[in-house]
Amino acid sequence: MGHINTISIEKYIYFESIDSTNTYLSNYLSKNNPQDNICVYTYNQTNGKGQIGRNWFNDEGKNLALSYAFHFQNLDVQHQFYLNMAISLGLHQFVSSIINNGRVSIKWPNDIYINDKKVAGILIQNQLKGRLIGSSIIGIGLNINQESFPQNLPNPISLKQHTQKTYNKAELVQRLEKNILSFLNILSINSKAIFTDYIKHLYRINEKHSFINTHSNESFYGIIKGVSAEGKLLVDISGELEAFNFRTIKFVINNINY
């Protein structure tokens, strides 16, 4: 794959409150066309978006909503999922460095779980230039100091709920950046290591699990064996290896579909 030059953040933008850091950054880039790598963050996002248009719930001042804009020189479009893996691994390593008990894993394609509960999520929007990824907006939602969540949310958890500790949010922004940049820079020199590490940390890897096929709405059991280079989830179903695209399969966790 094409190499990415060593990456750093050149500009920071903080908001006390904003509807969506991803939306702001997208508009900012379209109007200003900057070449700097930018970080936009807030502790009060009022209309955050997750995968498939889902809203990201945020209790004012308790959690982190953050978006990075990264500009790449030679990252091939066919390796878009490698970028997803690198960001997921950075966030996985960050959460793992904070908690000292419980299993931290990456629920395909890019949610971060503590045991069977979601502590963080990622939304990536790539801007393509021919066969290359010219730039990416990478949104991250992280539950930090929230003590309770609405009952209609399926399976959230915060760092504070798990560890019983209150965290300095500004300090966590710096720690998170260090981990994200570390894996982006590894990606530029050793994509194979990124691929191997991602599979190693997959949620329920090599375990029998219940799923829903979203096309047929049928439930089935299978064993996650890994992912393809294109990002398809590889599941062993009764001895046959099948590949699933995003949104064609859902996990069943505690009798709820995700």
# chains A, B, ... in the order shown; residues from 1 in each chain; ligands from 1

$ residues_around --residues "Ser96 of chain A" --least-positions-apart "5" --cutoff "12 Å" --atoms "only C-alpha atoms" --output "PyMOL selection string"
chain A and resi 89-91+101-106+112-115+119+159+163+175-176+179+201

$ write_last_selection --atoms "N, CA and C atoms" --output "mmCIF file, in the first residue's frame"
data_model
loop_
_atom_site.group_PDB
_atom_site.id
_atom_site.type_symbol
_atom_site.label_atom_id
_atom_site.label_comp_id
_atom_site.auth_asym_id
_atom_site.auth_seq_id
_atom_site.Cartn_x
_atom_site.Cartn_y
_atom_site.Cartn_z
ATOM 1 N N LEU A 89 -7.630 0.457 16.349
ATOM 2 C CA LEU A 89 -6.568 -0.034 17.230
ATOM 3 C C LEU A 89 -6.053 1.061 18.153
ATOM 4 N N GLY A 90 -5.963 2.289 17.636
ATOM 5 C CA GLY A 90 -5.536 3.392 18.491
ATOM 6 C C GLY A 90 -6.503 3.622 19.634
ATOM 7 N N LEU A 91 -7.800 3.579 19.323
ATOM 8 C CA LEU A 91 -8.820 3.767 20.352
ATOM 9 C C LEU A 91 -8.866 2.576 21.302
ATOM 10 N N ASN A 101 -9.257 -4.049 34.401
ATOM 11 C CA ASN A 101 -9.968 -5.333 34.427
ATOM 12 C C ASN A 101 -11.057 -5.286 33.368
ATOM 13 N N GLY A 102 -11.463 -6.434 32.906
ATOM 14 C CA GLY A 102 -12.442 -6.497 31.836
ATOM 15 C C GLY A 102 -11.746 -6.607 30.486
ATOM 16 N N ARG A 103 -12.459 -7.152 29.530
ATOM 17 C CA ARG A 103 -11.909 -7.355 28.192
ATOM 18 C C ARG A 103 -12.264 -6.186 27.285
ATOM 19 N N VAL A 104 -11.262 -5.552 26.711
ATOM 20 C CA VAL A 104 -11.475 -4.488 25.729
ATOM 21 C C VAL A 104 -11.304 -5.098 24.342
ATOM 22 N N SER A 105 -12.269 -4.870 23.471
ATOM 23 C CA SER A 105 -12.204 -5.459 22.137
ATOM 24 C C SER A 105 -12.809 -4.515 21.107
ATOM 25 N N ILE A 106 -12.604 -4.859 19.837
ATOM 26 C CA ILE A 106 -13.136 -4.077 18.722
ATOM 27 C C ILE A 106 -14.292 -4.853 18.112
ATOM 28 N N ILE A 112 -15.759 0.176 20.117
ATOM 29 C CA ILE A 112 -14.892 -0.315 21.182
ATOM 30 C C ILE A 112 -15.766 -0.785 22.339
ATOM 31 N N TYR A 113 -15.565 -2.021 22.736
ATOM 32 C CA TYR A 113 -16.364 -2.642 23.783
ATOM 33 C C TYR A 113 -15.513 -2.926 25.021
ATOM 34 N N ILE A 114 -16.155 -2.750 26.168
ATOM 35 C CA ILE A 114 -15.632 -3.289 27.427
ATOM 36 C C ILE A 114 -16.560 -4.431 27.794
ATOM 37 N N ASN A 115 -16.057 -5.631 27.737
ATOM 38 C CA ASN A 115 -16.886 -6.837 27.858
ATOM 39 C C ASN A 115 -17.966 -6.796 26.772
ATOM 40 N N VAL A 119 -18.253 1.448 24.765
ATOM 41 C CA VAL A 119 -17.705 2.627 25.421
ATOM 42 C C VAL A 119 -17.332 3.706 24.412
ATOM 43 N N LEU A 159 -16.295 5.015 30.962
ATOM 44 C CA LEU A 159 -15.085 4.663 31.707
ATOM 45 C C LEU A 159 -15.334 4.755 33.209
ATOM 46 N N THR A 163 -14.769 1.815 35.998
ATOM 47 C CA THR A 163 -13.636 1.915 36.936
ATOM 48 C C THR A 163 -13.979 2.605 38.246
ATOM 49 N N ARG A 175 -4.005 11.963 25.538
ATOM 50 C CA ARG A 175 -3.625 10.553 25.527
ATOM 51 C C ARG A 175 -4.207 9.835 24.318
ATOM 52 N N LEU A 176 -5.445 10.173 24.001
ATOM 53 C CA LEU A 176 -6.086 9.550 22.844
ATOM 54 C C LEU A 176 -5.337 9.902 21.559
ATOM 55 N N ASN A 179 -2.225 7.834 20.985
ATOM 56 C CA ASN A 179 -2.490 6.466 20.530
ATOM 57 C C ASN A 179 -2.945 6.419 19.076
ATOM 58 N N HIS A 201 -7.736 -8.515 18.172
ATOM 59 C CA HIS A 201 -8.550 -7.828 19.182
ATOM 60 C C HIS A 201 -10.034 -7.757 18.821
#

$ closest_atom_pairs --of "segment 55-106 of chain A" --to "segment 139-142 of chain A" --cutoff "12 Å" --atoms "only C-alpha atoms" --output "Markdown table"
| residue | atom | partner | partner_atom | distance |
| --- | --- | --- | --- | --- |
| A:Asn55 | CA | A:Gly141 | CA | 10.6 |
| A:Trp56 | CA | A:Gly141 | CA | 7.3 |
| A:Phe57 | CA | A:Gly141 | CA | 9.0 |
| A:Asn58 | CA | A:Gly141 | CA | 8.8 |
| A:Asp59 | CA | A:Leu142 | CA | 11.3 |
| A:Gly61 | CA | A:Leu142 | CA | 12.0 |
| A:Lys62 | CA | A:Leu142 | CA | 9.6 |
| A:Asn63 | CA | A:Leu142 | CA | 6.0 |
| A:Leu64 | CA | A:Leu142 | CA | 5.2 |
| A:Ala65 | CA | A:Gly141 | CA | 4.7 |
| A:Leu66 | CA | A:Ile140 | CA | 5.2 |
| A:Ser67 | CA | A:Gly139 | CA | 4.2 |
| A:Tyr68 | CA | A:Gly139 | CA | 6.5 |
| A:Ala69 | CA | A:Gly139 | CA | 8.9 |
| A:Phe70 | CA | A:Gly139 | CA | 11.3 |
| A:Asn84 | CA | A:Gly139 | CA | 11.3 |
| A:Ile87 | CA | A:Ile140 | CA | 9.5 |
| A:Ser88 | CA | A:Ile140 | CA | 9.8 |
| A:Gly90 | CA | A:Ile140 | CA | 11.2 |
| A:Leu91 | CA | A:Ile140 | CA | 8.8 |
| A:His92 | CA | A:Leu142 | CA | 11.3 |
| A:Phe94 | CA | A:Leu142 | CA | 10.8 |
| A:Val95 | CA | A:Leu142 | CA | 9.5 |

$ closest_residue --among "A:Thr42, A:Ser148, A:Asn33, A:Ser228" --to "Tyr12 of chain A" --atoms "only C-alpha atoms"
A:Thr42

$ closest_residue --among "A:Asn126, A:Thr6, A:Gln161, A:Gln80" --to "Asn22 of chain A" --atoms "only C-alpha atoms"
A:Asn126

$ closest_residue --among "A:Asp111, A:Asp36, A:Glu207, A:Glu240" --to "Ile7 of chain A" --atoms "only C-alpha atoms"
A:Asp36

$ select_by_dssp --residues "segment 171-256 of chain A" --states "strand (DSSP E or B)" --output "ChimeraX atom specification"
/A:202,205,208-213,218-227,233-237,240-244,249-253,256

$ write_last_selection --atoms "C-alpha atoms" --output "PDB file, in the first residue's frame"
ATOM      1  CA  LEU A 202     -11.867  -8.493  17.436  1.00  0.00           C
ATOM      2  CA  ILE A 205     -13.049 -13.743  17.680  1.00  0.00           C
ATOM      3  CA  LYS A 208     -19.569 -19.075  18.760  1.00  0.00           C
ATOM      4  CA  HIS A 209     -22.022 -16.204  18.570  1.00  0.00           C
ATOM      5  CA  SER A 210     -25.571 -15.396  17.494  1.00  0.00           C
ATOM      6  CA  PHE A 211     -26.213 -13.162  14.465  1.00  0.00           C
ATOM      7  CA  ILE A 212     -29.037 -11.818  12.322  1.00  0.00           C
ATOM      8  CA  ASN A 213     -28.841 -11.775   8.519  1.00  0.00           C
ATOM      9  CA  GLU A 218     -32.971 -14.988   9.863  1.00  0.00           C
ATOM     10  CA  SER A 219     -30.919 -15.717  12.970  1.00  0.00           C
ATOM     11  CA  PHE A 220     -27.964 -18.065  12.938  1.00  0.00           C
ATOM     12  CA  TYR A 221     -24.911 -19.080  14.928  1.00  0.00           C
ATOM     13  CA  GLY A 222     -21.393 -18.693  13.630  1.00  0.00           C
ATOM     14  CA  ILE A 223     -17.775 -18.272  14.644  1.00  0.00           C
ATOM     15  CA  ILE A 224     -15.930 -15.084  13.696  1.00  0.00           C
ATOM     16  CA  LYS A 225     -12.660 -16.044  12.005  1.00  0.00           C
ATOM     17  CA  GLY A 226     -11.425 -12.601  10.956  1.00  0.00           C
ATOM     18  CA  VAL A 227     -11.930 -10.005   8.228  1.00  0.00           C
ATOM     19  CA  LEU A 233     -16.512 -10.014   8.347  1.00  0.00           C
ATOM     20  CA  LEU A 234     -15.547 -13.684   7.916  1.00  0.00           C
ATOM     21  CA  VAL A 235     -17.850 -16.066   9.771  1.00  0.00           C
ATOM     22  CA  ASP A 236     -17.675 -19.844   9.919  1.00  0.00           C
ATOM     23  CA  ILE A 237     -21.231 -21.163   9.619  1.00  0.00           C
ATOM     24  CA  GLU A 240     -18.548 -22.953   5.603  1.00  0.00           C
ATOM     25  CA  LEU A 241     -16.701 -19.607   5.639  1.00  0.00           C
ATOM     26  CA  GLU A 242     -18.964 -16.742   4.598  1.00  0.00           C
ATOM     27  CA  ALA A 243     -18.073 -13.076   4.096  1.00  0.00           C
ATOM     28  CA  PHE A 244     -20.464 -10.334   5.211  1.00  0.00           C
ATOM     29  CA  ILE A 249     -25.180  -8.817   9.503  1.00  0.00           C
ATOM     30  CA  LYS A 250     -26.026  -7.848  13.069  1.00  0.00           C
ATOM     31  CA  PHE A 251     -24.708  -9.176  16.356  1.00  0.00           C
ATOM     32  CA  VAL A 252     -27.226 -10.461  18.894  1.00  0.00           C
ATOM     33  CA  ILE A 253     -26.039  -9.414  22.362  1.00  0.00           C
ATOM     34  CA  ILE A 256     -30.775  -7.337  21.289  1.00  0.00           C
TER      35      ILE A 256
END

$ closest_residue --among "A:Asn152, A:Tyr82, A:Leu75, A:Ile180" --to "Gly130 of chain A" --atoms "only C-alpha atoms"
A:Leu75

$ select_by_dssp --residues "segment 71-220 of chain A" --states "helix (DSSP H, G or I)" --output "ChimeraX atom specification"
/A:77-98,159-163,169-187,191-200
